[in-house]
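Asks: I am sharing my_file_29.txt, which consists of compact mmCIF, C-alpha atoms:
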# COMPACT_ATOMS: atom_id res chain seq x y z
CA MET A 943 -5.38 -22.18 0.80
CA PHE A 944 -3.10 -19.89 -1.21
CA LEU A 945 -3.38 -16.80 -3.40
CA ALA A 946 -1.83 -16.48 -6.86
CA CYS A 947 -1.45 -12.79 -7.70
CA GLN A 948 -1.51 -11.22 -11.16
CA GLY A 949 -0.41 -7.72 -12.07
CA VAL A 950 0.61 -6.80 -8.51
CA PRO A 951 3.90 -4.83 -8.43
CA GLY A 952 6.59 -6.56 -6.41
CA VAL A 953 4.73 -9.89 -6.18
CA PRO A 954 5.90 -12.82 -8.37
CA GLU A 955 3.03 -14.35 -10.33
CA ASP A 956 4.49 -17.86 -10.08
CA PHE A 957 4.85 -17.88 -6.28
CA PRO A 958 1.53 -18.40 -4.43
CA VAL A 959 1.30 -16.98 -0.92
CA ILE A 960 -0.53 -18.56 2.00
CA SER A 961 -3.98 -17.10 2.69
CA HIS A 962 -4.99 -17.03 6.35
CA GLY A 963 -8.60 -17.00 7.50
CA SER A 964 -11.92 -17.83 5.87
CA ARG A 965 -13.12 -16.96 2.38
CA LEU A 966 -16.19 -16.60 0.23
CA THR A 967 -16.50 -18.48 -3.04
CA ALA A 968 -16.75 -16.23 -6.09
CA ARG A 969 -15.88 -16.11 -9.77
CA ALA A 970 -15.11 -13.02 -11.81
CA LEU A 971 -17.47 -11.77 -14.49
CA PRO A 972 -16.09 -11.23 -18.01
CA GLY A 973 -14.21 -7.95 -18.28
CA ALA A 974 -13.24 -7.74 -14.62
CA GLU A 975 -9.56 -7.68 -13.69
CA VAL A 976 -8.53 -10.51 -11.38
CA LEU A 977 -5.65 -9.52 -9.12
CA ALA A 978 -5.58 -12.75 -7.12
CA ARG A 979 -6.97 -16.27 -7.59
CA VAL A 980 -7.46 -19.00 -5.03
CA VAL A 981 -4.94 -21.85 -5.14
CA ALA A 982 -6.06 -25.00 -3.37
CA PRO A 983 -3.62 -27.12 -1.35
CA TYR A 984 -2.73 -30.63 -2.53
CA PHE A 985 -5.00 -32.03 0.17
CA PRO A 986 -6.94 -30.69 3.16
CA ARG A 987 -5.19 -31.10 6.48
CA SER A 988 -6.84 -33.44 8.96
CA TRP A 989 -5.90 -35.57 11.95
CA ASP A 990 -4.67 -38.38 9.69
CA ARG A 991 -3.31 -36.33 6.79
CA PHE A 992 -0.88 -33.48 7.24
CA CYS A 993 2.36 -31.94 6.01
CA GLY A 994 5.44 -31.39 8.15
CA HIS A 995 5.21 -27.63 7.61
CA SER A 996 2.57 -25.26 8.94
CA TYR A 997 0.58 -25.63 5.73
CA THR A 998 0.13 -28.09 2.86
CA PRO A 999 1.97 -27.02 -0.35
CA PRO A 1000 -0.13 -25.40 -3.10
CA ALA A 1001 -1.51 -27.27 -6.07
CA ASP A 1002 -2.80 -25.54 -9.23
CA PRO A 1003 -4.76 -22.24 -9.34
CA THR A 1004 -8.53 -22.59 -9.39
CA ASP A 1005 -11.07 -20.41 -11.19
CA GLU A 1006 -12.11 -18.89 -7.85
CA ALA A 1007 -11.36 -15.17 -7.57
CA ALA A 1008 -9.92 -13.69 -4.37
CA VAL A 1009 -9.48 -10.04 -5.40
CA VAL A 1010 -11.29 -8.59 -8.42
CA VAL A 1011 -11.59 -5.01 -9.69
CA GLY A 1012 -14.09 -3.72 -12.23
CA ASP A 1013 -16.43 -0.77 -12.85
CA GLY A 1014 -14.99 1.21 -9.94
CA VAL A 1015 -15.57 -1.58 -7.42
CA ALA A 1016 -13.17 -4.00 -5.73
CA ALA A 1017 -14.46 -7.37 -4.52
CA VAL A 1018 -12.31 -9.16 -1.93
CA THR A 1019 -13.38 -12.65 -0.89
CA VAL A 1020 -10.62 -13.30 1.66
CA SER A 1021 -9.86 -11.61 4.99
CA LEU A 1022 -6.92 -9.54 3.78
CA LEU A 1023 -7.11 -6.75 6.37
CA GLU A 1024 -7.52 -9.10 9.31
CA ALA A 1025 -4.81 -11.41 7.96
CA PHE A 1026 -2.38 -8.52 7.46
CA HIS A 1027 -3.07 -7.30 10.99
CA GLU A 1028 -2.35 -10.74 12.44
CA HIS A 1029 0.45 -11.98 10.18
CA GLY A 1030 1.92 -8.90 8.47
CA LEU A 1031 2.65 -10.52 5.10
CA GLU A 1032 4.00 -7.97 2.63
CA THR A 1033 2.04 -9.57 -0.23
CA TYR A 1034 -1.24 -8.66 1.50
CA ARG A 1035 -0.22 -5.01 1.68
CA ARG A 1036 0.85 -4.94 -1.96
CA LEU A 1037 -2.33 -6.68 -3.08
CA LEU A 1038 -4.53 -4.17 -1.26
CA GLY A 1039 -2.41 -1.35 -2.67
CA ALA A 1040 -2.84 -2.65 -6.21
CA ALA A 1041 -6.63 -2.77 -5.77
CA LEU A 1042 -6.67 0.81 -4.45
CA ASP A 1043 -4.51 1.97 -7.36
CA ARG A 1044 -7.12 0.62 -9.77
CA LEU A 1045 -9.96 2.31 -7.88
CA LEU A 1046 -8.09 5.64 -7.51
CA PRO A 1047 -5.87 6.01 -10.58
CA ASP A 1048 -5.49 9.78 -10.01
CA PRO A 1049 -5.02 10.23 -6.25
CA LEU A 1050 -4.68 13.61 -4.58
CA VAL A 1051 -1.07 12.92 -3.61
CA ARG A 1052 1.62 10.39 -4.45
CA ALA A 1053 4.76 10.00 -2.34
CA GLY A 1054 7.72 7.67 -2.52
CA GLY A 1055 9.93 7.03 0.47
CA PRO A 1056 9.63 4.39 3.21
CA VAL A 1057 6.50 2.33 3.83
CA HIS A 1058 5.84 4.00 7.19
CA LEU A 1059 5.66 7.51 5.64
CA GLU A 1060 2.37 9.28 6.44
CA THR A 1061 0.99 11.98 4.12
CA THR A 1062 -1.83 14.48 4.55
CA VAL A 1063 -3.02 17.29 2.29
CA LYS A 1064 -4.61 20.58 3.35
CA ARG A 1065 -6.17 23.04 0.90
CA THR A 1066 -6.16 26.71 1.92
CA ALA A 1067 -7.10 29.96 0.23
CA ALA A 1068 -3.43 30.68 -0.44
CA GLY A 1069 -2.27 27.25 -1.57
CA THR A 1070 -1.95 23.54 -0.92
CA VAL A 1071 0.02 22.09 2.00
CA VAL A 1072 1.40 18.54 2.01
CA HIS A 1073 2.64 17.15 5.33
CA LEU A 1074 5.08 14.24 5.36
CA ILE A 1075 5.55 12.50 8.72
CA SER A 1076 8.41 10.01 9.06
CA PHE A 1077 8.76 8.35 12.47
CA VAL A 1078 9.20 4.62 13.08
CA PRO A 1079 7.21 3.20 16.03
CA SER A 1080 8.82 0.59 18.25
CA ARG A 1081 6.88 -2.09 20.16
CA GLU A 1082 8.39 -1.75 23.65
CA THR A 1083 5.41 -2.75 25.77
CA PRO A 1084 2.89 -5.57 25.25
CA GLU A 1085 0.25 -3.27 23.75
CA LEU A 1086 1.92 0.09 23.10
CA ASP A 1087 4.10 1.36 20.25
CA LEU A 1088 6.46 4.19 21.19
CA VAL A 1089 8.09 6.75 18.91
CA HIS A 1090 11.51 8.11 19.84
CA ASP A 1091 13.56 9.20 16.84
CA PRO A 1092 12.72 10.65 13.42
CA PHE A 1093 13.55 8.71 10.26
CA PRO A 1094 15.26 10.94 7.64
CA LEU A 1095 13.73 11.43 4.20
CA VAL A 1096 16.27 11.63 1.40
CA ASP A 1097 15.31 12.79 -2.10
CA VAL A 1098 11.74 11.51 -1.73
CA PRO A 1099 9.54 12.13 -4.79
CA VAL A 1100 6.20 13.79 -4.07
CA ALA A 1101 3.43 14.66 -6.54
CA VAL A 1102 0.29 16.58 -5.57
CA ARG A 1103 -2.67 17.16 -7.88
CA LEU A 1104 -3.32 20.84 -8.65
CA ALA A 1105 -5.74 22.55 -11.02
CA ALA A 1106 -3.03 24.95 -12.24
CA ALA A 1107 0.69 25.50 -11.94
CA PRO A 1108 1.68 27.04 -8.57
CA ARG A 1109 3.39 30.37 -8.13
CA SER A 1110 6.05 28.77 -5.94
CA VAL A 1111 6.74 25.60 -3.95
CA ARG A 1112 8.50 25.90 -0.60
CA LEU A 1113 9.66 23.60 2.16
CA GLN A 1114 8.36 25.11 5.40
CA PRO A 1115 9.03 26.28 8.06
CA ALA A 1116 12.55 26.67 6.64
CA GLY A 1117 11.24 28.71 3.72
CA LEU A 1118 13.41 26.78 1.27
CA GLU A 1119 12.38 27.18 -2.37
CA LEU A 1120 12.08 23.77 -4.03
CA PRO A 1121 12.63 23.00 -7.71
CA TRP A 1122 9.36 21.75 -9.21
CA GLU A 1123 7.70 20.64 -12.42
CA TYR A 1124 4.06 20.79 -13.42
CA ASP A 1125 2.73 18.27 -15.95
CA GLY A 1126 -0.72 19.79 -16.34
CA GLU A 1127 -2.20 17.69 -13.54
CA TYR A 1128 0.43 17.18 -10.83
CA VAL A 1129 3.22 19.31 -9.45
CA HIS A 1130 6.33 17.21 -8.82
CA VAL A 1131 9.02 17.90 -6.22
CA ARG A 1132 11.72 15.99 -4.33
CA VAL A 1133 12.13 16.38 -0.60
CA THR A 1134 15.01 15.84 1.83
CA THR A 1135 14.63 16.37 5.56
CA GLY A 1136 16.29 14.92 8.64
CA ASP A 1137 13.80 15.80 11.37
CA GLY A 1138 10.98 13.43 10.42
CA HIS A 1139 8.62 16.13 9.17
CA ALA A 1140 8.36 18.00 5.90
CA MET A 1141 5.73 20.58 5.01
CA ILE A 1142 5.49 21.33 1.29
CA VAL A 1143 3.57 24.49 0.50
CA ALA A 1144 2.47 25.06 -3.09
CA GLU A 1145 1.35 28.68 -3.32
CA HIS A 1146 -1.03 29.94 -5.97
CA ASP A 1147 -2.52 33.26 -6.97
For this file, write the structure as structure tokens.
Replies:
Amino acid sequence: MFLACQGVPGVPEDFPVISHGSRLTARALPGAEVLARVVAPYFPRSWDRFCGHSYTPPADPTDEAAVVVGDGVAAVTVSLLEAFHEHGLETYRRLLGAALDRLLPDPLVRAGGPVHLETTVKRTAAGTVVHLISFVPSRETPELDLVHDPFPLVDVPVAVRLAAAPRSVRLQPAGLELPWEYDGEYVHVRVTTGDGHAMIVAEHD
């Protein structure tokens, strides 16, 4: 079985991706946005019918929905999380991200940078603090990932949602004043750091 994605950034719509694991059978209601449809193989693999590759090539898309978003709800009929954990296909990550973007169009924070970048937000009486953590784990034992060196962040765009324009935006603990813009909903900054950690503090009155 394969998935044909629609409207997923970075995923070609004319290139189905293999779908690992089981699925439920579902069809989208009118008005719902279908992000992925099921594509059946040319034939089911069996002891007397198989392809020389690890899977049978895809045929045409069906009317079965794999990922659908509508009315603030996402319906996923395939095992995307389990499949990503086991196989690590980038399309799975992008498909899940596209569904979350539809459910949360105005998130608390947006950050560019590498995929491994971790972000957290802390509200205080004096302001809003955004932590950026950039370390790349390395699998060096059978079941343990180790972290040794930081991964630099260079000119990474960060936007955090604020109710009003801040008094100042600083990169701490260095105390560096950052240039910023406020669009009425988000304050936008760009961050560069070489030690794997950046703490953006947006102070308000």
Asks: Can you work out which one of A:Pro983, A:Pro1108, A:Gly1014, A:Pro1003 has the shortest atom-to-atom distance to A:Ala1068, counting all atoms listed in the file?
Replies: A:Pro1108
Asks: Which residue is closest to A:Leu1037? Choose from A:Val1089, A:Val1098, A:Val950, A:Leu1074 and count only C-alpha atoms.
Replies: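 The answer is A:Val950, which sits nearest to A:Leu1037.
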Asks: Kindly give the distance, in Å, that separates atom CA of A:His1073 and atom CA of A:His1058, rounded to a single decimal.
Replies: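 Computing the Euclidean distance for atom CA of A:His1073 and atom CA of A:His1058 yields 13.7 Å.
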Asks: Give the padded box for stretch 1136-1146 of chain A as lines of an AutoDock Vina configuration file: axis-aligned, covering all atoms listed in the file, 8 Å on each side, centre and edge lengths in Å to one decimal.
Replies:
center_x = 7.6
center_y = 21.7
center_z = 2.7
size_x = 33.3
size_y = 32.5
size_z = 33.3
Asks: At what distance in Å, to one decimal, does atom CA of A:Tyr1034 lie from atom CA of A:Arg1132?
Replies: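 Atom-to-atom, atom CA of A:Arg1132 and atom CA of A:Tyr1034 are spaced 28.5 Å apart.
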Asks: Using all atoms listed in the file, pick whichever of A:Ala1017, A:Ala1007, A:Leu1095, A:Val1129 has the shortest atom-to-atom distance to A:Leu1050.
Replies: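 Answer, going by the shortest atom-to-atom distance: A:Val1129.
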Asks: Give me, as an MDAnalysis selection string, all polymer residues having an atom no more than 12 Å from A:Ala1001, counting all atoms listed in the file and skipping those fewer than 3 positions away in the same chain.
Replies: chainID A and resid 943:946 956:960 980:986 998 1004
Asks: Counting all atoms listed in the file, which of A:His962, A:Arg1035, A:His1146, A:His1130 gets nearest to A:Thr1070?
Replies: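 Of A:His962, A:Arg1035, A:His1146, A:His1130, the one nearest A:Thr1070, counting all atoms listed in the file, is A:His1146.
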Asks: Considering all atoms listed in the file, state which residue in the set A:Leu1023, A:Val1078, A:Val1011, A:Glu1123 is at the smallest distance from A:Arg1103.
Replies: A:Glu1123
Asks: So what do you get for atom CA of A:Ala1105 versus atom CA of A:Val1131, distance-wise?
Replies: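 Atom-to-atom, atom CA of A:Ala1105 to atom CA of A:Val1131, that is 16.2 Å.
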Asks: Using all atoms listed in the file, which residue out of A:Leu1086, A:Leu1120, A:Cys947, A:Ile1142 lies closest to A:Gly1069?
Replies: A:Ile1142
Asks: Might you pull out every residue within 12 Å of A:Ala1116, with all atoms listed in the file counted and same-chain residues fewer than 2 positions away left off, and present them as number ranges by chain?
Replies: A: 1112-1114, 1118-1120, 1135, 1137, 1139-1143
Asks: Would you list the contacts of A:Phe1093 as a ChimeraX atom specification, taking every protein, DNA or RNA residue within 6 Å and counting all atoms listed in the file, but skipping same-chain residues closer than 6 positions in sequence?
Replies: /A:1076-1077,1138
Asks: May I have the protein, DNA and RNA residues with any atom at most 7 Å from the point (0.7, 21.9, -16.3), counting all atoms listed in the file, written as a list in words?
Replies: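 Final list of nearby residues, as requested, is Ala1106, Ala1107, Tyr1124, Asp1125, Gly1126 and Glu1127 of chain A.
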Asks: Using all atoms listed in the file, collect all residues at a distance of at most 10 Å from (-7.0, 12.0, -7.4) as written in the file, then present them as a PDB file with C-alpha atoms, in the coordinates of the input.
Replies:
ATOM      1  CA  LEU A1046      -8.090   5.640  -7.510  1.00  0.00           C
ATOM      2  CA  PRO A1047      -5.870   6.010 -10.580  1.00  0.00           C
ATOM      3  CA  ASP A1048      -5.490   9.780 -10.010  1.00  0.00           C
ATOM      4  CA  PRO A1049      -5.020  10.230  -6.250  1.00  0.00           C
ATOM      5  CA  LEU A1050      -4.680  13.610  -4.580  1.00  0.00           C
ATOM      6  CA  VAL A1051      -1.070  12.920  -3.610  1.00  0.00           C
ATOM      7  CA  ARG A1052       1.620  10.390  -4.450  1.00  0.00           C
ATOM      8  CA  VAL A1102       0.290  16.580  -5.570  1.00  0.00           C
ATOM      9  CA  ARG A1103      -2.670  17.160  -7.880  1.00  0.00           C
ATOM     10  CA  LEU A1104      -3.320  20.840  -8.650  1.00  0.00           C
ATOM     11  CA  GLU A1127      -2.200  17.690 -13.540  1.00  0.00           C
ATOM     12  CA  TYR A1128       0.430  17.180 -10.830  1.00  0.00           C
TER      13      TYR A1128
END
Asks: Please complete stretch 1056-1087 of chain A with N, CA and C atoms and give it back as an mmCIF file, keeping the file's coordinate frame.
Replies:
data_model
loop_
_atom_site.group_PDB
_atom_site.id
_atom_site.type_symbol
_atom_site.label_atom_id
_atom_site.label_comp_id
_atom_site.auth_asym_id
_atom_site.auth_seq_id
_atom_site.Cartn_x
_atom_site.Cartn_y
_atom_site.Cartn_z
ATOM 1 N N PRO A 1056 9.846 5.639 2.462
ATOM 2 C CA PRO A 1056 9.630 4.390 3.210
ATOM 3 C C PRO A 1056 8.147 4.071 3.387
ATOM 4 N N VAL A 1057 7.872 2.800 3.684
ATOM 5 C CA VAL A 1057 6.500 2.330 3.830
ATOM 6 C C VAL A 1057 5.769 3.053 4.964
ATOM 7 N N HIS A 1058 6.487 3.398 6.027
ATOM 8 C CA HIS A 1058 5.840 4.000 7.190
ATOM 9 C C HIS A 1058 5.489 5.483 6.971
ATOM 10 N N LEU A 1059 5.885 6.078 5.874
ATOM 11 C CA LEU A 1059 5.660 7.510 5.640
ATOM 12 C C LEU A 1059 4.158 7.829 5.615
ATOM 13 N N GLU A 1060 3.756 8.828 6.406
ATOM 14 C CA GLU A 1060 2.370 9.280 6.440
ATOM 15 C C GLU A 1060 2.252 10.611 5.692
ATOM 16 N N THR A 1061 1.207 10.744 4.883
ATOM 17 C CA THR A 1061 0.990 11.980 4.120
ATOM 18 C C THR A 1061 -0.413 12.502 4.379
ATOM 19 N N THR A 1062 -0.532 13.813 4.482
ATOM 20 C CA THR A 1062 -1.830 14.480 4.550
ATOM 21 C C THR A 1062 -1.775 15.721 3.671
ATOM 22 N N VAL A 1063 -2.938 16.128 3.170
ATOM 23 C CA VAL A 1063 -3.020 17.290 2.290
ATOM 24 C C VAL A 1063 -4.060 18.258 2.851
ATOM 25 N N LYS A 1064 -3.712 19.524 2.868
ATOM 26 C CA LYS A 1064 -4.610 20.580 3.350
ATOM 27 C C LYS A 1064 -4.711 21.670 2.292
ATOM 28 N N ARG A 1065 -5.933 21.951 1.846
ATOM 29 C CA ARG A 1065 -6.170 23.040 0.900
ATOM 30 C C ARG A 1065 -6.484 24.317 1.684
ATOM 31 N N THR A 1066 -5.861 25.416 1.317
ATOM 32 C CA THR A 1066 -6.160 26.710 1.920
ATOM 33 C C THR A 1066 -6.437 27.717 0.817
ATOM 34 N N ALA A 1067 -6.834 28.914 1.222
ATOM 35 C CA ALA A 1067 -7.100 29.960 0.230
ATOM 36 C C ALA A 1067 -5.831 30.373 -0.500
ATOM 37 N N ALA A 1068 -4.691 30.226 0.154
ATOM 38 C CA ALA A 1068 -3.430 30.680 -0.440
ATOM 39 C C ALA A 1068 -2.670 29.584 -1.164
ATOM 40 N N GLY A 1069 -3.022 28.309 -0.928
ATOM 41 C CA GLY A 1069 -2.270 27.250 -1.570
ATOM 42 C C GLY A 1069 -2.627 25.876 -1.036
ATOM 43 N N THR A 1070 -1.773 24.925 -1.336
ATOM 44 C CA THR A 1070 -1.950 23.540 -0.920
ATOM 45 C C THR A 1070 -0.749 23.127 -0.067
ATOM 46 N N VAL A 1071 -1.033 22.497 1.075
ATOM 47 C CA VAL A 1071 0.020 22.090 2.000
ATOM 48 C C VAL A 1071 0.031 20.569 2.084
ATOM 49 N N VAL A 1072 1.215 19.984 1.881
ATOM 50 C CA VAL A 1072 1.400 18.540 2.010
ATOM 51 C C VAL A 1072 2.323 18.288 3.195
ATOM 52 N N HIS A 1073 1.830 17.528 4.170
ATOM 53 C CA HIS A 1073 2.640 17.150 5.330
ATOM 54 C C HIS A 1073 3.174 15.731 5.121
ATOM 55 N N LEU A 1074 4.459 15.558 5.364
ATOM 56 C CA LEU A 1074 5.080 14.240 5.360
ATOM 57 C C LEU A 1074 5.587 13.960 6.776
ATOM 58 N N ILE A 1075 5.146 12.871 7.364
ATOM 59 C CA ILE A 1075 5.550 12.500 8.720
ATOM 60 C C ILE A 1075 6.312 11.183 8.652
ATOM 61 N N SER A 1076 7.553 11.181 9.170
ATOM 62 C CA SER A 1076 8.410 10.010 9.060
ATOM 63 C C SER A 1076 9.015 9.657 10.416
ATOM 64 N N PHE A 1077 8.281 8.870 11.189
ATOM 65 C CA PHE A 1077 8.760 8.350 12.470
ATOM 66 C C PHE A 1077 8.461 6.853 12.507
ATOM 67 N N VAL A 1078 9.377 6.065 13.034
ATOM 68 C CA VAL A 1078 9.200 4.620 13.080
ATOM 69 C C VAL A 1078 8.809 4.208 14.494
ATOM 70 N N PRO A 1079 7.606 3.656 14.687
ATOM 71 C CA PRO A 1079 7.210 3.200 16.030
ATOM 72 C C PRO A 1079 7.952 1.936 16.421
ATOM 73 N N SER A 1080 8.129 1.760 17.720
ATOM 74 C CA SER A 1080 8.820 0.590 18.250
ATOM 75 C C SER A 1080 7.950 -0.061 19.318
ATOM 76 N N ARG A 1081 7.690 -1.372 19.191
ATOM 77 C CA ARG A 1081 6.880 -2.090 20.160
ATOM 78 C C ARG A 1081 7.747 -2.406 21.388
ATOM 79 N N GLU A 1082 7.573 -1.618 22.451
ATOM 80 C CA GLU A 1082 8.390 -1.750 23.650
ATOM 81 C C GLU A 1082 7.577 -2.167 24.873
ATOM 82 N N THR A 1083 6.273 -2.231 24.726
ATOM 83 C CA THR A 1083 5.410 -2.750 25.770
ATOM 84 C C THR A 1083 4.454 -3.749 25.116
ATOM 85 N N PRO A 1084 3.757 -4.565 25.872
ATOM 86 C CA PRO A 1084 2.890 -5.570 25.250
ATOM 87 C C PRO A 1084 1.831 -4.999 24.306
ATOM 88 N N GLU A 1085 1.337 -3.797 24.566
ATOM 89 C CA GLU A 1085 0.250 -3.270 23.750
ATOM 90 C C GLU A 1085 0.466 -1.829 23.316
ATOM 91 N N LEU A 1086 1.695 -1.318 23.395
ATOM 92 C CA LEU A 1086 1.920 0.090 23.100
ATOM 93 C C LEU A 1086 3.152 0.262 22.219
ATOM 94 N N ASP A 1087 2.974 0.994 21.101
ATOM 95 C CA ASP A 1087 4.100 1.360 20.250
ATOM 96 C C ASP A 1087 4.572 2.749 20.636
#
